[in-house]
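Shown below: my_file.cif, with mmCIF, C-alpha atoms.
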```
data_target
#
loop_
_atom_site.label_atom_id
_atom_site.label_comp_id
_atom_site.auth_asym_id
_atom_site.auth_seq_id
_atom_site.Cartn_x
_atom_site.Cartn_y
_atom_site.Cartn_z
CA MET L 208 84.12 69.50 96.87
CA ALA L 209 87.68 68.79 97.96
CA ARG L 210 89.03 69.33 94.44
CA LEU L 211 87.05 72.56 94.15
CA MET L 212 88.43 73.78 97.48
CA LEU L 213 92.01 73.03 96.36
CA ALA L 214 91.42 74.92 93.11
CA ASP L 215 90.05 77.87 95.08
CA PHE L 216 93.18 77.82 97.27
CA ASP L 217 95.57 77.62 94.29
CA PRO L 218 96.84 81.13 93.50
CA THR L 219 97.56 80.18 89.87
CA ILE L 220 93.88 79.39 89.19
CA THR L 221 92.06 82.50 87.98
CA ALA L 222 88.68 80.99 87.06
CA ILE L 223 86.68 77.92 88.03
CA CYS L 224 83.60 76.65 86.24
CA ALA L 225 81.59 73.70 87.54
CA GLN L 226 80.08 71.32 84.98
CA PRO L 227 81.25 73.64 82.21
CA PHE L 228 79.88 71.93 79.11
CA LEU L 229 78.39 68.81 77.57
CA ILE L 230 80.51 66.71 75.23
CA ARG L 231 78.72 64.51 72.70
CA ALA L 232 80.59 62.11 70.45
CA ARG L 233 80.09 58.88 68.59
CA VAL L 234 82.27 56.27 70.28
CA ASP L 235 82.28 52.64 69.16
CA GLY L 236 79.13 53.26 67.14
CA ARG L 237 77.18 54.77 70.04
CA VAL L 238 76.43 58.39 70.83
CA ARG L 239 78.07 59.18 74.16
CA ARG L 240 77.59 62.16 76.43
CA HIS L 241 79.83 63.49 79.18
CA VAL L 242 79.80 66.55 81.45
CA PRO L 243 83.17 67.19 83.13
CA ASP L 244 83.18 68.23 86.77
CA PHE L 245 85.33 71.37 86.52
CA LEU L 246 87.14 73.62 84.11
CA LEU L 247 90.09 75.51 85.62
CA ARG L 248 91.78 78.45 83.92
CA SER L 249 95.28 79.33 85.05
CA ALA L 250 96.96 82.71 85.15
CA ASP L 251 99.08 81.70 82.14
CA GLY L 252 95.89 81.14 80.11
CA SER L 253 96.08 77.36 80.15
CA VAL L 254 92.94 75.32 80.78
CA THR L 255 92.54 72.07 82.69
CA VAL L 256 89.35 70.05 82.56
CA VAL L 257 88.86 67.93 85.69
CA ASN L 258 86.86 64.77 86.20
CA VAL L 259 86.51 63.60 89.81
CA LYS L 260 86.23 59.88 90.47
CA PRO L 261 87.03 57.82 93.57
CA ALA L 262 90.21 55.79 93.06
CA GLU L 263 88.47 52.47 93.62
CA ARG L 264 86.10 53.18 90.71
CA LEU L 265 88.96 53.83 88.25
CA ALA L 266 89.76 50.10 88.17
CA ASP L 267 86.35 49.44 86.63
CA PRO L 268 86.89 49.06 82.85
CA ALA L 269 83.54 50.74 82.10
CA ILE L 270 84.52 53.80 84.16
CA ALA L 271 87.97 53.90 82.57
CA ALA L 272 86.40 53.79 79.10
CA ALA L 273 83.83 56.44 80.02
CA LEU L 274 86.66 58.78 81.02
CA ALA L 275 89.09 57.91 78.21
CA TRP L 276 87.15 59.24 75.20
CA PRO L 277 86.37 62.67 76.75
CA ALA L 278 90.01 62.95 77.85
CA ALA L 279 91.17 62.37 74.27
CA LEU L 280 88.77 65.00 72.89
CA ILE L 281 89.75 67.53 75.56
CA GLU L 282 93.46 67.00 74.92
CA ASP L 283 92.89 67.21 71.15
CA HIS L 284 91.35 70.61 71.85
CA GLY L 285 94.67 71.69 73.39
CA TRP L 286 93.55 71.58 77.02
CA ALA L 287 94.92 69.51 79.86
CA HIS L 288 92.77 66.77 81.35
CA GLU L 289 92.93 65.56 84.94
CA ILE L 290 91.21 62.68 86.66
CA TRP L 291 91.25 63.56 90.34
CA SER L 292 90.79 60.86 92.98
CA GLY L 293 91.85 62.62 96.13
CA ASP L 294 94.93 64.01 97.74
CA ASP L 295 96.91 63.87 100.96
CA PRO L 296 94.28 63.74 103.75
CA VAL L 297 96.35 66.05 105.96
CA LEU L 298 96.61 68.65 103.19
CA LEU L 299 92.87 68.42 102.56
CA ALA L 300 92.07 68.82 106.28
CA ASN L 301 94.37 71.84 106.54
CA VAL L 302 92.98 73.54 103.44
CA ARG L 303 89.44 72.82 104.69
CA LEU L 304 90.38 74.60 107.94
CA LEU L 305 91.86 77.57 106.06
CA ALA L 306 88.82 77.78 103.79
CA ARG L 307 86.76 78.87 106.80
CA GLN L 308 88.44 82.26 106.45
CA ARG L 309 88.41 82.54 102.64
CA ARG L 310 85.72 85.22 102.51
CA ALA L 311 86.96 88.79 102.76
CA GLY L 312 85.69 90.91 105.62
CA LEU L 313 85.60 88.28 108.34
CA VAL L 314 88.76 89.79 109.81
CA ALA L 315 89.49 93.48 109.34
CA GLU L 316 92.40 94.33 107.08
CA ALA L 317 93.88 96.45 109.90
CA THR L 318 93.97 93.36 112.13
CA LEU L 319 95.62 91.31 109.39
CA ALA L 320 98.23 94.03 108.92
CA GLU L 321 98.88 94.08 112.67
CA VAL L 322 99.38 90.31 112.73
CA LEU L 323 101.73 90.48 109.74
CA ALA L 324 103.71 93.31 111.33
CA VAL L 325 104.73 91.11 114.27
CA SER L 326 105.15 87.90 112.26
CA SER L 327 108.53 86.56 111.29
CA SER L 328 109.62 83.47 109.44
CA GLY L 329 110.52 80.60 111.72
CA MET L 330 108.08 81.42 114.50
CA THR L 331 105.38 78.92 115.35
CA VAL L 332 101.66 79.60 115.46
CA LYS L 333 101.89 79.41 119.25
CA ASP L 334 104.75 81.98 119.28
CA LEU L 335 102.72 84.33 117.11
CA LEU L 336 99.63 83.98 119.31
CA LEU L 337 101.72 84.80 122.37
CA LYS L 338 103.23 87.82 120.61
CA LEU L 339 99.75 89.06 119.72
CA GLN L 340 98.51 89.03 123.31
CA GLY L 341 97.52 92.52 124.34
CA SER L 342 97.49 93.93 120.82
CA VAL L 343 94.91 91.78 119.00
CA GLU L 344 91.67 90.57 120.57
CA PRO L 345 92.18 86.90 121.52
CA TRP L 346 89.06 85.83 119.60
CA LEU L 347 90.46 87.43 116.43
CA ALA L 348 94.06 86.20 116.60
CA LYS L 349 93.53 82.65 115.29
CA PRO L 350 91.06 83.68 112.57
CA ALA L 351 93.55 86.34 111.44
CA ILE L 352 96.37 83.79 111.18
CA ILE L 353 94.09 81.40 109.29
CA ARG L 354 93.02 84.19 106.92
CA LEU L 355 96.65 85.12 106.26
CA LEU L 356 97.47 81.47 105.55
CA TRP L 357 94.51 81.27 103.15
CA GLN L 358 95.73 84.42 101.40
CA ARG L 359 99.25 82.95 101.36
CA ARG L 360 100.61 86.03 103.08
CA LEU L 361 101.77 83.56 105.73
CA ALA L 362 102.86 80.05 104.82
CA ALA L 363 103.17 76.74 106.64
CA ASP L 364 103.82 73.15 105.64
CA LEU L 365 100.26 72.08 104.91
CA HIS L 366 101.31 68.46 104.48
CA ARG L 367 101.77 68.35 108.27
CA ARG L 368 98.87 68.83 110.67
CA LEU L 369 98.42 72.55 111.27
CA ASP L 370 98.62 73.28 114.99
CA GLY L 371 100.35 75.51 117.52
CA ASP L 372 103.74 73.98 116.73
CA SER L 373 103.45 74.63 112.99
CA GLU L 374 106.29 76.81 111.76
CA LEU L 375 105.27 79.89 109.81
CA ALA L 376 106.97 81.80 107.04
CA VAL L 377 106.13 85.32 105.96
CA ALA L 378 105.41 85.30 102.25
CA HIS L 379 106.91 87.96 100.03
CA VAL L 380 103.95 88.93 97.85
#
```
Using the file provided, produce a representation of the structure as structure tokens.
Amino acid sequence: MARLMLADFDPTITAICAQPFLIRARVDGRVRRHVPDFLLRSADGSVTVVNVKPAERLADPAIAAALAWPAALIEDHGWAHEIWSGDDPVLLANVRLLARQRRAGLVAEATLAEVLAVSSSGMTVKDLLLKLQGSVEPWLAKPAIIRLLWQRRLAADLHRRLDGDSELAVAHV
């Protein structure tokens, strides 16, 4: 789920397909089958096929072999292949937080525009919340900031724990 969430957050990914196809091949005299976890299409038209495996399992020779032959076939097809075993836990926690506001309509577009209008690069989340007092309902201010971060209309260093002291930047989209 974490890899799927990161793909959903990545603005260069235009399509995601879970368990996109079955690969069958004869490998070392045996018929093998494999279903990749995800297929990701990028805005430039490139395709990446992703297999998710915990890092500790990759040291197992049987697992490594089970992932090697599909990777070779996928790459022979002209697509990229990725074995994903996790990412920076802080980044994952931050993106998980932002994903709570990924669905449109949870915060009105007018509210988002109001938050953006008073935002400036270099201010912290706390500064922005203080600036919004009196103009945006307090219960909507944080969700609006989170939604704008999810949309990448605001940016922050997501490799550092997102909190009131996180510095924001207004994205130029």
May I ask which of the residues L:Leu211, L:Ala250, L:Ala300, L:His241 is the closest one to Ala275 (chain L), counting all atoms listed in the file?
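Closest residue, counting all atoms listed in the file: L:His241.
This file, filtered with the PyMOL selection byres ((chain L and resi 288) around 8), gives the residues Thr255, Val256, Val257, Asn258, Ala278, Ile281, Glu282, Trp286, Ala287, Glu289 and Ile290 of chain L.
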Test item: residues at most 9 Å from Leu355 (chain L), only C-alpha atoms, excluding those fewer than 3 positions along its chain, as a list in words:
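Counting only the stated atoms, we get Leu305, Gln308, Leu319, Val322, Leu323, Pro350, Ala351, Ile352, Gln358, Arg359, Arg360, Leu361 and Ala362 of chain L.
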Using all atoms listed in the file, which of L:Ser326, L:Gln226, L:Ser249, L:Ser292 sits nearest Pro261 (chain L)?
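With all atoms listed in the file as the atom set, the closest residue is L:Ser292.
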Measuring between all atoms listed in the file, which one of L:Asp215, L:Asp235, L:Glu321, L:Asp295 shows the shortest distance to Ala348 (chain L)?
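So, comparing all the options, the nearest one is L:Glu321.
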Quick one: 3 Å padding each side, axis-aligned, all listed atoms of region 362-374 of chain L - centre and edge lengths in Å to one decimal, as AutoDock Vina command-line options?
```
--center_x 102.4 --center_y 74.2 --center_z 111.0 --size_x 13.9 --size_y 17.7 --size_z 19.0
```
Looking at L:Trp346, L:Phe228, L:Trp357, L:Trp291, which one is nearest to Leu265 (chain L), with distances taken over only C-alpha atoms?
L:Trp291
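You can rank L:Val238, L:Ala266, L:Ala222, L:Ala279 by their closest distance to Val254 (chain L) using all atoms listed in the file, and at the top of that list sits L:Ala222.
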Given the file above and the PyMOL selection byres ((chain L and resi 365) around 10), which residues are selected, and can you give them as an MDAnalysis selection string?
chainID L and resid 295 297:302 356 362:364 366:369 373
Using the chain letters and numbering of this document, enumerate as a ChimeraX atom specification the residues selected by the PyMOL selection byres ((chain L and resi 377) around 6).
/L:327-328,361,376,378
Which residue of L:Leu335, L:Leu304, L:Ala320, L:Val242 approaches Phe216 (chain L) most closely, using all atoms listed in the file:
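When distances to Phe216 (chain L) are compared using all atoms listed in the file, the smallest one comes from L:Leu304.
Note that the spacing between CA of Thr221 (chain L) and CA of Gly312 (chain L) amounts to 20.6 Å.
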Just how far from CA of His379 (chain L) is CA of Glu316 (chain L), in Å to one decimal?
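Interatomic distance here is 17.3 Å.
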To one decimal in Å, tell me the separation between CA of Val343 (chain L) and CA of Val325 (chain L).
10.9 Å
Excluding Met330 (chain L) and residues on its chain fewer than 3 positions from it, collect all residues at most 6 Å away from it, counting only C-alpha atoms, and give them as a list in words.
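So, after excluding close chain neighbours, the residues are Asp334, Glu374 and Leu375 of chain L.
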Emit a file covering region 236-275 of chain L of the preceding structure with N, CA and C atoms, as an mmCIF file, in the first residue's frame.
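To be explicit, this is the file written out as decode-v3.cif:
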```cif
data_model
loop_
_atom_site.group_PDB
_atom_site.id
_atom_site.type_symbol
_atom_site.label_atom_id
_atom_site.label_comp_id
_atom_site.auth_asym_id
_atom_site.auth_seq_id
_atom_site.Cartn_x
_atom_site.Cartn_y
_atom_site.Cartn_z
ATOM 1 N N GLY L 236 13.557 -25.137 -17.463
ATOM 2 C CA GLY L 236 12.788 -26.335 -17.755
ATOM 3 C C GLY L 236 11.434 -26.415 -17.068
ATOM 4 N N ARG L 237 11.091 -25.402 -16.288
ATOM 5 C CA ARG L 237 9.791 -25.404 -15.595
ATOM 6 C C ARG L 237 8.959 -24.220 -16.051
ATOM 7 N N VAL L 238 7.648 -24.429 -16.130
ATOM 8 C CA VAL L 238 6.749 -23.322 -16.450
ATOM 9 C C VAL L 238 6.568 -22.496 -15.178
ATOM 10 N N ARG L 239 6.884 -21.236 -15.294
ATOM 11 C CA ARG L 239 6.779 -20.299 -14.158
ATOM 12 C C ARG L 239 5.667 -19.299 -14.442
ATOM 13 N N ARG L 240 5.091 -18.808 -13.369
ATOM 14 C CA ARG L 240 4.045 -17.793 -13.469
ATOM 15 C C ARG L 240 4.378 -16.670 -12.501
ATOM 16 N N HIS L 241 4.035 -15.438 -12.897
ATOM 17 C CA HIS L 241 4.288 -14.287 -12.030
ATOM 18 C C HIS L 241 3.277 -13.191 -12.345
ATOM 19 N N VAL L 242 2.719 -12.598 -11.306
ATOM 20 C CA VAL L 242 1.838 -11.435 -11.442
ATOM 21 C C VAL L 242 2.519 -10.282 -10.718
ATOM 22 N N PRO L 243 2.949 -9.248 -11.456
ATOM 23 C CA PRO L 243 3.576 -8.091 -10.804
ATOM 24 C C PRO L 243 2.555 -7.351 -9.939
ATOM 25 N N ASP L 244 3.061 -6.576 -9.004
ATOM 26 C CA ASP L 244 2.176 -5.843 -8.093
ATOM 27 C C ASP L 244 1.533 -4.629 -8.756
ATOM 28 N N PHE L 245 2.328 -3.841 -9.481
ATOM 29 C CA PHE L 245 1.796 -2.620 -10.091
ATOM 30 C C PHE L 245 2.428 -2.354 -11.449
ATOM 31 N N LEU L 246 1.671 -1.680 -12.279
ATOM 32 C CA LEU L 246 2.178 -1.110 -13.522
ATOM 33 C C LEU L 246 1.910 0.389 -13.416
ATOM 34 N N LEU L 247 2.947 1.186 -13.620
ATOM 35 C CA LEU L 247 2.836 2.644 -13.535
ATOM 36 C C LEU L 247 3.162 3.247 -14.889
ATOM 37 N N ARG L 248 2.264 4.091 -15.400
ATOM 38 C CA ARG L 248 2.545 4.807 -16.642
ATOM 39 C C ARG L 248 2.844 6.249 -16.283
ATOM 40 N N SER L 249 3.911 6.764 -16.866
ATOM 41 C CA SER L 249 4.333 8.140 -16.606
ATOM 42 C C SER L 249 3.828 9.067 -17.696
ATOM 43 N N ALA L 250 3.849 10.346 -17.395
ATOM 44 C CA ALA L 250 3.387 11.363 -18.341
ATOM 45 C C ALA L 250 4.156 11.303 -19.652
ATOM 46 N N ASP L 251 5.414 10.883 -19.607
ATOM 47 C CA ASP L 251 6.215 10.800 -20.835
ATOM 48 C C ASP L 251 5.933 9.523 -21.626
ATOM 49 N N GLY L 252 4.996 8.706 -21.156
ATOM 50 C CA GLY L 252 4.633 7.470 -21.850
ATOM 51 C C GLY L 252 5.406 6.247 -21.397
ATOM 52 N N SER L 253 6.418 6.441 -20.576
ATOM 53 C CA SER L 253 7.193 5.291 -20.113
ATOM 54 C C SER L 253 6.378 4.466 -19.116
ATOM 55 N N VAL L 254 6.761 3.201 -19.001
ATOM 56 C CA VAL L 254 6.053 2.265 -18.130
ATOM 57 C C VAL L 254 7.063 1.647 -17.171
ATOM 58 N N THR L 255 6.656 1.537 -15.918
ATOM 59 C CA THR L 255 7.451 0.846 -14.902
ATOM 60 C C THR L 255 6.586 -0.228 -14.278
ATOM 61 N N VAL L 256 7.106 -1.428 -14.234
ATOM 62 C CA VAL L 256 6.423 -2.540 -13.582
ATOM 63 C C VAL L 256 7.100 -2.719 -12.221
ATOM 64 N N VAL L 257 6.279 -2.762 -11.179
ATOM 65 C CA VAL L 257 6.787 -2.783 -9.802
ATOM 66 C C VAL L 257 6.435 -4.100 -9.122
ATOM 67 N N ASN L 258 7.429 -4.679 -8.494
ATOM 68 C CA ASN L 258 7.233 -5.809 -7.586
ATOM 69 C C ASN L 258 7.618 -5.339 -6.187
ATOM 70 N N VAL L 259 6.758 -5.582 -5.224
ATOM 71 C CA VAL L 259 6.987 -5.168 -3.843
ATOM 72 C C VAL L 259 7.408 -6.384 -3.039
ATOM 73 N N LYS L 260 8.545 -6.274 -2.385
ATOM 74 C CA LYS L 260 9.044 -7.341 -1.514
ATOM 75 C C LYS L 260 9.774 -6.705 -0.339
ATOM 76 N N PRO L 261 9.553 -7.217 0.875
ATOM 77 C CA PRO L 261 10.320 -6.719 2.020
ATOM 78 C C PRO L 261 11.820 -6.957 1.800
ATOM 79 N N ALA L 262 12.632 -6.028 2.228
ATOM 80 C CA ALA L 262 14.079 -6.101 2.000
ATOM 81 C C ALA L 262 14.686 -7.382 2.534
ATOM 82 N N GLU L 263 14.226 -7.835 3.692
ATOM 83 C CA GLU L 263 14.813 -9.037 4.287
ATOM 84 C C GLU L 263 14.542 -10.294 3.448
ATOM 85 N N ARG L 264 13.507 -10.273 2.635
ATOM 86 C CA ARG L 264 13.199 -11.438 1.792
ATOM 87 C C ARG L 264 14.043 -11.455 0.521
ATOM 88 N N LEU L 265 14.606 -10.313 0.127
ATOM 89 C CA LEU L 265 15.393 -10.250 -1.109
ATOM 90 C C LEU L 265 16.704 -11.034 -0.997
ATOM 91 N N ALA L 266 17.161 -11.266 0.216
ATOM 92 C CA ALA L 266 18.396 -12.040 0.405
ATOM 93 C C ALA L 266 18.179 -13.526 0.160
ATOM 94 N N ASP L 267 16.936 -13.970 0.154
ATOM 95 C CA ASP L 267 16.612 -15.368 -0.095
ATOM 96 C C ASP L 267 16.843 -15.662 -1.580
ATOM 97 N N PRO L 268 17.730 -16.611 -1.911
ATOM 98 C CA PRO L 268 18.027 -16.909 -3.318
ATOM 99 C C PRO L 268 16.782 -17.309 -4.119
ATOM 100 N N ALA L 269 15.838 -17.997 -3.494
ATOM 101 C CA ALA L 269 14.622 -18.404 -4.206
ATOM 102 C C ALA L 269 13.785 -17.177 -4.579
ATOM 103 N N ILE L 270 13.712 -16.214 -3.691
ATOM 104 C CA ILE L 270 12.960 -14.977 -3.971
ATOM 105 C C ILE L 270 13.677 -14.192 -5.066
ATOM 106 N N ALA L 271 14.989 -14.074 -4.934
ATOM 107 C CA ALA L 271 15.766 -13.353 -5.949
ATOM 108 C C ALA L 271 15.571 -13.974 -7.328
ATOM 109 N N ALA L 272 15.587 -15.296 -7.406
ATOM 110 C CA ALA L 272 15.391 -15.982 -8.688
ATOM 111 C C ALA L 272 13.972 -15.783 -9.204
ATOM 112 N N ALA L 273 13.004 -15.805 -8.291
ATOM 113 C CA ALA L 273 11.598 -15.635 -8.689
ATOM 114 C C ALA L 273 11.328 -14.236 -9.223
ATOM 115 N N LEU L 274 12.155 -13.274 -8.839
ATOM 116 C CA LEU L 274 11.990 -11.900 -9.337
ATOM 117 C C LEU L 274 12.884 -11.601 -10.543
ATOM 118 N N ALA L 275 13.947 -12.361 -10.710
ATOM 119 C CA ALA L 275 14.908 -12.084 -11.784
ATOM 120 C C ALA L 275 14.340 -12.371 -13.168
#
```
